[in-house]
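Participant: The file below is target-v8.txt, compact mmCIF, C-alpha atoms:
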```
# COMPACT_ATOMS: atom_id res chain seq x y z
CA MET A 1172 -75.66 -22.65 67.46
CA ALA A 1173 -79.29 -21.56 67.27
CA GLY A 1174 -79.98 -17.84 66.62
CA LYS A 1175 -76.76 -17.23 64.75
CA ILE A 1176 -76.98 -15.68 61.29
CA SER A 1177 -74.35 -16.55 58.78
CA ALA A 1178 -72.28 -13.84 57.16
CA ALA A 1179 -73.75 -14.73 53.72
CA SER A 1180 -77.32 -14.39 55.02
CA ALA A 1181 -76.52 -11.04 56.59
CA ARG A 1182 -75.07 -9.69 53.36
CA ALA A 1183 -78.13 -10.89 51.36
CA HIS A 1184 -80.47 -9.30 53.89
CA THR A 1185 -78.54 -6.01 53.66
CA ARG A 1186 -78.69 -5.99 49.84
CA LYS A 1187 -82.45 -6.67 49.89
CA SER A 1188 -83.02 -3.92 52.42
CA LYS A 1189 -81.11 -1.43 50.26
CA GLN A 1190 -83.10 -2.42 47.16
CA ASN A 1191 -86.39 -1.87 48.97
CA SER A 1192 -85.38 1.34 50.72
CA GLY A 1193 -85.98 3.64 47.65
CA PHE A 1194 -89.08 5.89 47.85
CA LYS A 1195 -92.02 4.70 45.79
CA LEU A 1196 -95.08 6.87 45.15
CA PRO A 1197 -98.26 4.93 45.80
CA PHE A 1198 -100.30 4.41 42.64
CA GLY A 1199 -103.24 6.43 43.94
CA MET A 1200 -101.04 9.38 44.82
CA PHE A 1201 -99.31 9.24 41.39
CA THR A 1202 -102.71 9.45 39.71
CA THR A 1203 -103.69 12.40 41.90
CA VAL A 1204 -100.49 14.31 41.11
CA SER A 1205 -100.95 13.66 37.37
CA VAL A 1206 -104.51 14.96 37.49
CA VAL A 1207 -103.43 18.08 39.39
CA ILE A 1208 -100.69 18.81 36.82
CA LEU A 1209 -103.13 18.27 33.95
CA MET A 1210 -105.70 20.55 35.58
CA GLY A 1211 -103.03 23.19 36.08
CA PHE A 1212 -102.10 23.04 32.40
CA VAL A 1213 -105.74 23.24 31.33
CA ALA A 1214 -106.31 26.21 33.65
CA PHE A 1215 -103.23 27.94 32.23
CA ALA A 1216 -104.34 27.26 28.66
CA TYR A 1217 -107.88 28.45 29.42
CA GLN A 1218 -106.53 31.63 30.98
CA ALA A 1219 -104.33 32.25 27.94
CA ILE A 1220 -107.24 32.20 25.49
CA GLN A 1221 -109.55 34.41 27.58
CA PRO A 1222 -109.56 38.06 26.47
CA PRO A 1223 -109.50 40.73 29.17
CA PRO A 1224 -112.78 42.59 29.69
CA PRO A 1225 -113.15 45.77 27.62
CA LYS A 1226 -112.60 49.16 29.21
CA ILE A 1227 -115.93 50.77 28.43
CA CYS A 1228 -115.91 54.48 27.64
CA GLY A 1229 -117.38 56.57 30.41
CA THR A 1230 -116.82 53.97 33.16
CA SER A 1231 -114.40 54.33 36.06
CA ASP A 1232 -111.61 52.34 34.38
CA GLY A 1233 -112.43 53.31 30.79
CA PRO A 1234 -111.56 56.26 28.53
CA PRO A 1235 -113.64 59.43 28.79
CA VAL A 1236 -116.50 60.16 26.41
CA THR A 1237 -115.59 63.10 24.16
CA ALA A 1238 -117.79 62.51 21.09
CA PRO A 1239 -121.51 62.99 20.54
CA ARG A 1240 -123.26 59.63 20.89
CA VAL A 1241 -126.69 58.13 20.36
CA LYS A 1242 -128.15 55.54 22.71
CA LEU A 1243 -129.51 52.48 20.94
CA SER A 1244 -132.59 50.52 21.95
CA ASP A 1245 -130.45 47.81 23.60
CA GLY A 1246 -128.67 50.39 25.78
CA ARG A 1247 -125.41 50.57 23.81
CA HIS A 1248 -123.99 53.86 22.56
CA LEU A 1249 -122.64 54.76 19.12
CA ALA A 1250 -120.23 57.68 18.79
CA TYR A 1251 -120.42 59.69 15.58
CA LYS A 1252 -118.95 62.63 13.65
CA GLU A 1253 -120.70 64.84 11.11
CA HIS A 1254 -119.29 66.15 7.83
CA GLY A 1255 -120.44 68.38 4.96
CA VAL A 1256 -123.44 70.68 5.10
CA PRO A 1257 -125.80 70.74 8.11
CA ARG A 1258 -128.10 67.73 8.05
CA ASP A 1259 -131.30 69.82 8.03
CA GLU A 1260 -130.08 71.59 4.88
CA ALA A 1261 -128.81 68.52 3.04
CA LYS A 1262 -130.30 67.01 -0.09
CA TYR A 1263 -128.24 63.82 0.18
CA LYS A 1264 -127.46 62.08 3.46
CA ILE A 1265 -124.75 59.40 3.72
CA VAL A 1266 -123.80 57.01 6.52
CA PHE A 1267 -120.11 56.13 6.22
CA ILE A 1268 -118.92 52.76 7.63
CA HIS A 1269 -115.21 52.53 8.44
CA GLY A 1270 -112.88 49.57 8.01
CA PHE A 1271 -110.65 47.37 10.16
CA GLY A 1272 -108.53 49.19 12.73
CA SER A 1273 -110.22 52.55 12.03
CA TYR A 1274 -112.84 54.82 13.53
CA ARG A 1275 -115.06 57.83 12.85
CA PHE A 1276 -112.16 60.11 11.94
CA THR A 1277 -110.76 57.85 9.20
CA THR A 1278 -113.35 58.43 6.49
CA ILE A 1279 -113.22 58.73 2.74
CA ARG A 1280 -112.96 62.50 2.74
CA LEU A 1281 -115.98 64.51 1.60
CA SER A 1282 -114.62 67.78 0.18
CA GLN A 1283 -116.44 70.86 1.38
CA GLU A 1284 -116.68 72.06 -2.22
CA LEU A 1285 -118.63 68.98 -3.34
CA ALA A 1286 -120.70 68.98 -0.16
CA GLU A 1287 -121.85 72.54 -0.78
CA GLU A 1288 -122.28 72.08 -4.54
CA LEU A 1289 -124.63 69.11 -4.21
CA GLY A 1290 -125.90 69.56 -0.65
CA ILE A 1291 -124.28 66.49 0.92
CA TYR A 1292 -124.25 65.57 4.59
CA MET A 1293 -122.23 62.58 5.81
CA VAL A 1294 -122.05 60.98 9.23
CA SER A 1295 -119.31 58.56 10.21
CA PHE A 1296 -119.54 56.48 13.37
CA ASP A 1297 -117.42 54.16 15.46
CA ARG A 1298 -118.48 50.58 14.85
CA PRO A 1299 -119.12 48.62 18.09
CA GLY A 1300 -115.99 48.29 20.23
CA TYR A 1301 -114.06 50.89 18.27
CA GLY A 1302 -113.35 54.44 19.42
CA GLU A 1303 -116.10 55.54 21.78
CA SER A 1304 -118.86 53.14 20.74
CA ASP A 1305 -119.80 50.45 23.25
CA PRO A 1306 -118.73 46.89 22.41
CA ASN A 1307 -121.30 44.38 21.25
CA PRO A 1308 -120.26 40.83 22.23
CA LYS A 1309 -123.26 39.56 20.23
CA ARG A 1310 -122.25 41.40 17.07
CA THR A 1311 -123.30 39.85 13.74
CA GLU A 1312 -123.44 41.02 10.14
CA LYS A 1313 -127.15 41.68 10.71
CA GLY A 1314 -126.59 43.59 13.94
CA ILE A 1315 -124.39 46.25 12.38
CA ALA A 1316 -126.99 46.88 9.66
CA LEU A 1317 -129.63 47.45 12.34
CA ASP A 1318 -127.20 49.78 14.16
CA VAL A 1319 -126.90 51.84 10.96
CA GLU A 1320 -130.67 52.02 10.64
CA GLU A 1321 -131.13 53.12 14.26
CA LEU A 1322 -128.35 55.71 14.00
CA ALA A 1323 -130.02 57.20 10.93
CA ASP A 1324 -133.38 57.32 12.69
CA GLN A 1325 -132.04 58.95 15.82
CA LEU A 1326 -130.26 61.60 13.75
CA GLY A 1327 -133.38 62.21 11.68
CA LEU A 1328 -131.87 61.39 8.30
CA GLY A 1329 -135.25 60.48 6.84
CA TYR A 1330 -136.67 57.20 5.61
CA LYS A 1331 -134.10 56.87 2.79
CA PHE A 1332 -130.37 57.43 3.11
CA TYR A 1333 -127.13 56.29 1.45
CA VAL A 1334 -124.50 53.94 2.86
CA LEU A 1335 -120.82 53.96 1.93
CA GLY A 1336 -118.58 51.24 3.34
CA PHE A 1337 -114.81 51.10 2.97
CA SER A 1338 -112.72 47.93 3.35
CA MET A 1339 -114.19 45.92 6.25
CA GLY A 1340 -117.02 48.46 6.31
CA GLY A 1341 -117.96 46.95 2.97
CA GLN A 1342 -119.06 43.79 4.76
CA ALA A 1343 -121.43 45.89 6.86
CA THR A 1344 -122.71 47.44 3.63
CA TRP A 1345 -123.56 43.97 2.31
CA GLY A 1346 -125.48 43.53 5.56
CA CYS A 1347 -127.43 46.74 4.86
CA LEU A 1348 -128.30 45.51 1.36
CA LYS A 1349 -129.59 42.27 2.89
CA TYR A 1350 -131.44 43.47 5.99
CA ILE A 1351 -132.50 47.09 5.39
CA PRO A 1352 -132.68 47.49 1.57
CA HIS A 1353 -135.99 49.36 1.91
CA ARG A 1354 -134.20 52.13 3.82
CA LEU A 1355 -131.47 52.71 1.24
CA ALA A 1356 -131.32 55.41 -1.44
CA GLY A 1357 -128.07 53.91 -2.74
CA ALA A 1358 -124.96 52.03 -1.60
CA ALA A 1359 -121.24 52.01 -2.35
CA LEU A 1360 -118.81 49.24 -1.48
CA VAL A 1361 -115.26 50.57 -1.71
CA ALA A 1362 -112.44 47.98 -1.70
CA PRO A 1363 -114.78 45.74 0.34
CA VAL A 1364 -113.25 42.88 2.29
CA ILE A 1365 -114.69 39.51 1.26
CA ASN A 1366 -115.19 36.29 3.19
CA TYR A 1367 -113.41 33.36 1.52
CA TRP A 1368 -116.05 31.02 2.93
CA TRP A 1369 -119.03 32.63 1.20
CA PRO A 1370 -120.61 29.60 -0.51
CA GLY A 1371 -121.26 31.49 -3.74
CA PHE A 1372 -117.58 31.44 -4.66
CA PRO A 1373 -116.33 28.47 -6.70
CA ALA A 1374 -114.04 26.47 -4.42
CA ASN A 1375 -111.06 26.67 -6.77
CA LEU A 1376 -111.38 30.44 -7.15
CA SER A 1377 -111.60 31.20 -3.42
CA LYS A 1378 -108.78 28.74 -2.69
CA GLU A 1379 -106.53 30.35 -5.28
CA ALA A 1380 -107.26 33.85 -3.92
CA TYR A 1381 -106.85 32.70 -0.31
CA GLU A 1382 -103.42 31.24 -1.02
CA LYS A 1383 -102.24 34.56 -2.43
CA GLN A 1384 -102.45 36.04 1.06
CA LEU A 1385 -99.40 36.08 3.32
CA LEU A 1386 -99.09 32.80 5.23
CA GLN A 1387 -99.60 34.59 8.55
CA ASP A 1388 -102.86 36.07 7.27
CA GLN A 1389 -104.04 32.70 6.00
CA TRP A 1390 -103.59 31.31 9.51
CA THR A 1391 -105.23 34.33 11.13
CA LEU A 1392 -108.33 33.93 8.99
CA ARG A 1393 -108.32 30.15 9.40
CA VAL A 1394 -108.30 30.51 13.20
CA SER A 1395 -111.06 33.13 13.08
CA HIS A 1396 -113.26 30.89 10.94
CA TYR A 1397 -112.66 27.43 12.39
CA ALA A 1398 -111.66 28.20 16.00
CA PRO A 1399 -112.98 31.67 16.89
CA PHE A 1400 -112.43 30.96 20.61
CA LEU A 1401 -108.68 31.05 19.86
CA THR A 1402 -108.75 34.40 18.05
CA TYR A 1403 -107.57 36.42 21.03
CA TRP A 1404 -104.77 33.97 21.81
CA TRP A 1405 -103.60 33.75 18.20
CA ASN A 1406 -103.40 37.51 17.80
CA THR A 1407 -101.55 38.08 21.09
CA GLN A 1408 -99.15 35.11 21.21
CA LYS A 1409 -95.51 35.77 20.32
CA TRP A 1410 -94.48 32.44 18.79
CA PHE A 1411 -95.88 33.00 15.29
CA PRO A 1412 -96.69 36.18 13.33
CA ALA A 1413 -100.43 36.95 13.32
CA SER A 1414 -102.42 39.44 11.21
CA SER A 1415 -100.23 41.59 8.97
CA VAL A 1416 -103.05 44.12 8.72
CA ALA A 1417 -103.28 44.55 12.49
CA ALA A 1418 -99.48 44.82 12.60
CA LYS A 1419 -99.60 47.46 9.83
CA SER A 1420 -97.06 45.53 7.77
CA SER A 1421 -95.72 47.26 4.66
CA ALA A 1422 -95.67 43.88 2.89
CA ILE A 1423 -99.35 44.27 1.96
CA LEU A 1424 -99.02 47.77 0.52
CA SER A 1425 -99.00 48.32 -3.23
CA THR A 1426 -96.82 50.97 -4.88
CA GLN A 1427 -99.78 53.35 -4.96
CA ASP A 1428 -100.63 52.61 -1.31
CA ARG A 1429 -97.11 53.61 -0.25
CA GLU A 1430 -97.33 56.86 -2.21
CA ILE A 1431 -100.72 57.71 -0.73
CA LEU A 1432 -99.62 56.97 2.84
CA SER A 1433 -96.75 59.41 2.48
CA LYS A 1434 -99.16 62.22 1.55
CA ILE A 1435 -102.35 61.84 3.57
CA PRO A 1436 -102.64 63.82 6.83
CA ARG A 1437 -101.91 61.87 10.00
CA VAL A 1438 -104.84 61.07 12.29
CA ASP A 1439 -104.52 60.16 15.97
CA MET A 1440 -105.10 56.39 15.91
CA ALA A 1441 -104.57 55.77 19.63
CA PRO A 1442 -108.33 55.95 20.44
CA VAL A 1443 -109.19 53.28 17.85
CA THR A 1444 -108.65 50.37 20.24
CA HIS A 1445 -108.45 52.10 23.62
CA GLN A 1446 -111.37 49.99 24.88
CA GLY A 1447 -109.41 46.86 24.04
CA GLU A 1448 -108.44 44.94 20.90
CA PHE A 1449 -110.72 41.96 21.38
CA GLU A 1450 -114.08 43.72 20.96
CA SER A 1451 -112.73 45.80 18.06
CA LEU A 1452 -110.05 44.10 15.92
CA HIS A 1453 -110.60 40.51 17.01
CA ARG A 1454 -114.40 40.73 16.92
CA ASP A 1455 -114.08 42.05 13.35
CA LEU A 1456 -112.14 38.93 12.38
CA ILE A 1457 -114.61 36.57 14.08
CA VAL A 1458 -117.67 38.18 12.46
CA GLY A 1459 -116.10 39.03 9.12
CA PHE A 1460 -114.64 35.58 8.45
CA GLY A 1461 -117.08 33.43 10.37
CA SER A 1462 -120.11 31.60 8.99
CA TRP A 1463 -122.53 34.20 7.69
CA GLN A 1464 -126.31 34.01 7.83
CA PHE A 1465 -126.50 34.91 4.13
CA ASP A 1466 -124.42 34.91 0.96
CA PRO A 1467 -124.06 38.32 -0.74
CA MET A 1468 -124.13 36.58 -4.12
CA ASP A 1469 -127.73 35.56 -3.44
CA LEU A 1470 -128.88 39.18 -3.12
CA GLU A 1471 -131.29 40.75 -5.57
CA ASP A 1472 -131.28 44.28 -6.96
CA PRO A 1473 -132.91 46.52 -4.32
CA PHE A 1474 -133.56 49.22 -6.93
CA THR A 1475 -135.55 47.46 -9.63
CA SER A 1476 -137.35 50.71 -10.50
CA GLY A 1477 -134.09 52.58 -11.00
CA GLU A 1478 -134.53 54.78 -7.92
CA GLY A 1479 -130.98 54.10 -6.72
CA THR A 1480 -127.72 52.36 -7.58
CA VAL A 1481 -125.20 50.07 -5.94
CA HIS A 1482 -121.51 50.64 -6.73
CA LEU A 1483 -118.48 48.42 -6.14
CA TRP A 1484 -115.04 50.05 -6.48
CA HIS A 1485 -111.79 48.10 -6.46
CA GLY A 1486 -108.14 48.51 -7.43
CA ASP A 1487 -106.53 45.82 -9.57
CA GLU A 1488 -103.34 45.93 -7.48
CA ASP A 1489 -105.05 45.57 -4.10
CA LEU A 1490 -102.90 43.26 -1.95
CA PHE A 1491 -105.44 43.20 0.89
CA VAL A 1492 -108.39 41.85 -1.11
CA PRO A 1493 -107.85 39.82 -4.33
CA ILE A 1494 -109.37 41.45 -7.40
CA SER A 1495 -110.43 38.05 -8.82
CA LEU A 1496 -113.16 37.67 -6.21
CA GLN A 1497 -114.58 41.15 -6.82
CA ARG A 1498 -114.73 40.42 -10.54
CA TYR A 1499 -116.65 37.25 -9.83
CA ILE A 1500 -119.14 39.11 -7.63
CA ALA A 1501 -119.64 41.73 -10.35
CA GLU A 1502 -120.38 38.96 -12.87
CA LYS A 1503 -122.83 37.23 -10.53
CA LEU A 1504 -124.61 40.50 -9.67
CA PRO A 1505 -124.83 42.44 -12.96
CA TRP A 1506 -127.01 45.12 -11.35
CA ILE A 1507 -123.94 46.35 -9.45
CA GLN A 1508 -122.09 49.26 -11.03
CA TYR A 1509 -118.55 47.87 -11.03
CA HIS A 1510 -115.58 50.24 -11.18
CA GLU A 1511 -112.13 48.65 -11.52
CA LEU A 1512 -109.21 51.06 -11.18
CA ALA A 1513 -106.00 50.13 -12.99
CA GLY A 1514 -102.78 50.48 -11.01
CA SER A 1515 -104.65 51.12 -7.76
CA GLY A 1516 -104.18 49.42 -4.41
CA HIS A 1517 -106.36 49.24 -1.32
CA LEU A 1518 -106.04 52.90 -0.36
CA PHE A 1519 -107.13 54.39 -3.70
CA PRO A 1520 -110.10 56.30 -2.14
CA TYR A 1521 -107.50 58.62 -0.58
CA ALA A 1522 -105.94 59.50 -3.94
CA ASP A 1523 -106.62 63.03 -5.17
CA GLY A 1524 -110.07 63.35 -6.70
CA THR A 1525 -111.09 59.70 -6.27
CA ASN A 1526 -113.00 60.41 -3.05
CA ASP A 1527 -115.29 62.94 -4.70
CA ALA A 1528 -115.78 60.69 -7.74
CA ILE A 1529 -116.99 57.86 -5.50
CA ILE A 1530 -119.38 60.06 -3.52
CA LYS A 1531 -120.69 61.86 -6.59
CA ALA A 1532 -121.44 58.60 -8.43
CA LEU A 1533 -123.29 57.33 -5.35
CA VAL A 1534 -125.62 60.27 -4.75
CA LEU A 1535 -126.27 61.06 -8.39
CA GLY A 1536 -126.91 57.42 -9.25
CA GLU A 1537 -124.41 57.46 -12.08
CA LYS A 1538 -124.20 54.27 -14.09
CA ARG A 1539 -121.18 52.95 -15.92
CA GLU A 1540 -121.24 53.02 -19.66
CA GLY A 1541 -121.66 49.83 -21.62
```
Would you mind writing the structure in this file as structure tokens?
Facilitator:
Amino acid sequence: MAGKISAASARAHTRKSKQNSGFKLPFGMFTTVSVVILMGFVAFAYQAIQPPPPKICGTSDGPPVTAPRVKLSDGRHLAYKEHGVPRDEAKYKIVFIHGFGSYRFTTIRLSQELAEELGIYMVSFDRPGYGESDPNPKRTEKGIALDVEELADQLGLGYKFYVLGFSMGGQATWGCLKYIPHRLAGAALVAPVINYWWPGFPANLSKEAYEKQLLQDQWTLRVSHYAPFLTYWWNTQKWFPASSVAAKSSAILSTQDREILSKIPRVDMAPVTHQGEFESLHRDLIVGFGSWQFDPMDLEDPFTSGEGTVHLWHGDEDLFVPISLQRYIAEKLPWIQYHELAGSGHLFPYADGTNDAIIKALVLGEKREG
């Protein structure tokens, strides 16, 4: 009879209908959803690597200004602290440059006795982004040298002055020797941090020294050098350990360092990074271990007439900065007065008497024997 459907045909039709009834996403819509998910991931990743804006001192959401400051020609401010005899009575005037994770209060101490005996004035200042000095997103190794020069001029230190840089401040001192040598009466680099990518180092020597660092520090420096845009993310992520120095790990302290830390007076370190860690700690890593505009081992003696001296002090048990690289620099630059201290770590300038020895050798132009 026409119009009748067999039972077998009905069952086949039912099975086919069930097979085709599942929801299928049209190809165009699938592509759109994939793109949206990818864009969301990229946006999340981009957000994760972006540092928060700094909290500028003196602004509505920033810390208050409590220190004397000078205003630089580009509008930034540098906060400073004075030590020793009054500057208008001083015979010797020193600009002290602090290290990583420090500020104007963490200086190599100038004893009042030595200051008065020789007539020494010293000014320490917060490097850009630290303490109460404005950040400088365009900071370079040249820029900090020009900051030192402008600070000295605004304080009236005279045409010639001394610079003394400790740890990461030593890198800024190299910058002064390169860019403002004509303004210097003398310079001291104390346990100066080096850059493993300075081209003057033999590749095998820098590689050997680099691999002596803790693995987490090797990665921190590697990120800062090769992928500086990831520096903030690397130092704030929680999956892997980042800089041991920023974390104040005891693993990088020598025996002497531990003894010294137990004796030196405590300083309030909270203001060091109260404008934010990116424009202080992280910017230090990016500049200090990035590609420099010059190689310190190409420098020439700025005091060919003997009117000043350059000193490099280092401890042979320094776990922050390998001694092998300082020895190489001293060999390459024989005009540097090199002082190697046996049994000393990174914090040796805070050992009793060492601080005055460093400052005295600088201002008196003392040369090593032999």
Participant: Using CA of Asn1526 (chain A) and CA of His1453 (chain A) as the two end points, give the distance in Å to one decimal.
Facilitator: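 Going from CA of Asn1526 (chain A) over to CA of His1453 (chain A), I get 28.4 Å.
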Participant: Out of A:Gly1447, A:Pro1493, A:Pro1442, A:Gly1314, which residue has the shortest atom-to-atom distance to Asp1297 (chain A) when counting all atoms listed in the file?
Facilitator: A:Pro1442
Participant: May I ask for the distance between CA of Asp1324 (chain A) and CA of Gly1357 (chain A), given in Å to one decimal place?
Facilitator: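 Taking CA of Asp1324 (chain A) and CA of Gly1357 (chain A), their separation equals 16.7 Å.
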Participant: Would you kindly return, as an MDAnalysis selection string, each protein, DNA or RNA residue with an atom no farther than 6 Å from any atom of region 1345-1351 of chain A, considering only C-alpha atoms and excluding same-chain residues fewer than 2 positions away?
Facilitator: chainID A and resid 1312:1313 1316 1342:1343 1353:1354
Participant: Taking C-alpha atoms for each residue, export the selection above as a PDB file, in the frame of the given file.
Facilitator:
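Generated output (result15.pdb):
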```
ATOM      1  CA  GLU A1312    -123.440  41.020  10.140  1.00  0.00           C
ATOM      2  CA  LYS A1313    -127.150  41.680  10.710  1.00  0.00           C
ATOM      3  CA  ALA A1316    -126.990  46.880   9.660  1.00  0.00           C
ATOM      4  CA  GLN A1342    -119.060  43.790   4.760  1.00  0.00           C
ATOM      5  CA  ALA A1343    -121.430  45.890   6.860  1.00  0.00           C
ATOM      6  CA  HIS A1353    -135.990  49.360   1.910  1.00  0.00           C
ATOM      7  CA  ARG A1354    -134.200  52.130   3.820  1.00  0.00           C
TER       8      ARG A1354
END
```
Participant: Taking only C-alpha atoms into account, name the residue in A:Gln1221, A:Thr1230, A:Ser1244, A:Thr1444 that is nearest to Gly1272 (chain A).
Facilitator: A:Thr1444
Participant: Around all of region 1255-1262 of chain A's listed atoms, make the axis-aligned box with 6 Å on each side and tell me centre and edge lengths in Å to one decimal, as AutoDock Vina command-line options.
Facilitator:
```
--center_x -125.9 --center_y 69.3 --center_z 4.0 --size_x 22.9 --size_y 16.6 --size_z 20.2
```
Participant: Report the distance between CA of Thr1525 (chain A) and CA of Phe1337 (chain A) in Å, rounded to one decimal place.
Facilitator: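 Distance between the two atoms: 13.2 Å.
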Participant: Counting all atoms listed in the file, which residue out of A:Ala1261, A:Ile1423, A:Leu1355, A:Ala1250 sits closest to Val1334 (chain A)?
Facilitator: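 The answer is A:Leu1355, which sits nearest to Val1334 (chain A).
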Participant: Tell me which protein, DNA and RNA residues are within 12 Å of Pro1223 (chain A), counting only C-alpha atoms, leaving out same-chain ones fewer than 6 positions away, and put them as a PyMOL selection string.
Facilitator: chain A and resi 1403-1404+1407+1446-1450
Participant: Taking into account all atoms listed in the file, which residue in the set A:Pro1373, A:Gly1302, A:Pro1352, A:Pro1234 is nearest to Leu1496 (chain A)?
Facilitator: A:Pro1373
Participant: Near Leu1432 (chain A), counting only C-alpha atoms, which residues have an atom at most 12 Å away, once you skip same-chain residues fewer than 5 positions from it, shown as a PDB file with C-alpha atoms, in the coordinates of the input?
Facilitator:
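For reference, around.pdb as written:
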```pdb
ATOM      1  CA  LYS A1419     -99.600  47.460   9.830  1.00  0.00           C
ATOM      2  CA  SER A1421     -95.720  47.260   4.660  1.00  0.00           C
ATOM      3  CA  LEU A1424     -99.020  47.770   0.520  1.00  0.00           C
ATOM      4  CA  SER A1425     -99.000  48.320  -3.230  1.00  0.00           C
ATOM      5  CA  THR A1426     -96.820  50.970  -4.880  1.00  0.00           C
ATOM      6  CA  GLN A1427     -99.780  53.350  -4.960  1.00  0.00           C
ATOM      7  CA  ARG A1437    -101.910  61.870  10.000  1.00  0.00           C
ATOM      8  CA  VAL A1438    -104.840  61.070  12.290  1.00  0.00           C
ATOM      9  CA  GLY A1516    -104.180  49.420  -4.410  1.00  0.00           C
ATOM     10  CA  HIS A1517    -106.360  49.240  -1.320  1.00  0.00           C
ATOM     11  CA  LEU A1518    -106.040  52.900  -0.360  1.00  0.00           C
ATOM     12  CA  PHE A1519    -107.130  54.390  -3.700  1.00  0.00           C
ATOM     13  CA  PRO A1520    -110.100  56.300  -2.140  1.00  0.00           C
ATOM     14  CA  TYR A1521    -107.500  58.620  -0.580  1.00  0.00           C
ATOM     15  CA  ALA A1522    -105.940  59.500  -3.940  1.00  0.00           C
TER      16      ALA A1522
END
```
Participant: Around the point (-102.4, 36.0, 13.9) (coordinates from the file), which residues reach within 8 Å if we count all atoms listed in the file? Answer as a PyMOL selection string.
Facilitator: chain A and resi 1387-1388+1390-1392+1402+1405-1407+1411-1415
Participant: Of the residues A:Thr1344, A:Ser1395, A:Ser1495, A:Gln1464, which is the one nearest to Ala1358 (chain A), using all atoms listed in the file?
Facilitator: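 Nearest to Ala1358 (chain A): A:Thr1344.
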Participant: Which residue, A:Lys1434, A:His1396, A:His1445, A:Lys1242, has the smallest gap to Phe1460 (chain A) when you use all atoms listed in the file?
Facilitator: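 Of A:Lys1434, A:His1396, A:His1445, A:Lys1242, the one nearest Phe1460 (chain A) is A:His1396, counting all atoms listed in the file.
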Participant: In file coordinates, which residues lie within 8 Å of (-121.6, 64.5, -2.6) using only C-alpha atoms, given as a PDB file with C-alpha atoms, in the frame of the given file?
Facilitator:
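Listing of point_21.pdb after writing:
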```pdb
ATOM      1  CA  TYR A1263    -128.240  63.820   0.180  1.00  0.00           C
ATOM      2  CA  LEU A1281    -115.980  64.510   1.600  1.00  0.00           C
ATOM      3  CA  LEU A1285    -118.630  68.980  -3.340  1.00  0.00           C
ATOM      4  CA  ALA A1286    -120.700  68.980  -0.160  1.00  0.00           C
ATOM      5  CA  GLU A1288    -122.280  72.080  -4.540  1.00  0.00           C
ATOM      6  CA  LEU A1289    -124.630  69.110  -4.210  1.00  0.00           C
ATOM      7  CA  GLY A1290    -125.900  69.560  -0.650  1.00  0.00           C
ATOM      8  CA  ILE A1291    -124.280  66.490   0.920  1.00  0.00           C
ATOM      9  CA  TYR A1292    -124.250  65.570   4.590  1.00  0.00           C
ATOM     10  CA  ASP A1527    -115.290  62.940  -4.700  1.00  0.00           C
ATOM     11  CA  ILE A1530    -119.380  60.060  -3.520  1.00  0.00           C
ATOM     12  CA  LYS A1531    -120.690  61.860  -6.590  1.00  0.00           C
ATOM     13  CA  LEU A1533    -123.290  57.330  -5.350  1.00  0.00           C
ATOM     14  CA  VAL A1534    -125.620  60.270  -4.750  1.00  0.00           C
TER      15      VAL A1534
END
```
Participant: I want to know what sits within 9 Å of Thr1277 (chain A), based on only C-alpha atoms, with residues of the same chain fewer than 5 positions away left out; could you give that as a compact mmCIF listing (two decimals) with C-alpha atoms, in the coordinates of the input?
Facilitator:
```txt
# COMPACT_ATOMS: atom_id res chain seq x y z
CA HIS A 1269 -115.21 52.53 8.44
CA GLY A 1270 -112.88 49.57 8.01
CA SER A 1295 -119.31 58.56 10.21
CA VAL A 1438 -104.84 61.07 12.29
CA MET A 1440 -105.10 56.39 15.91
```
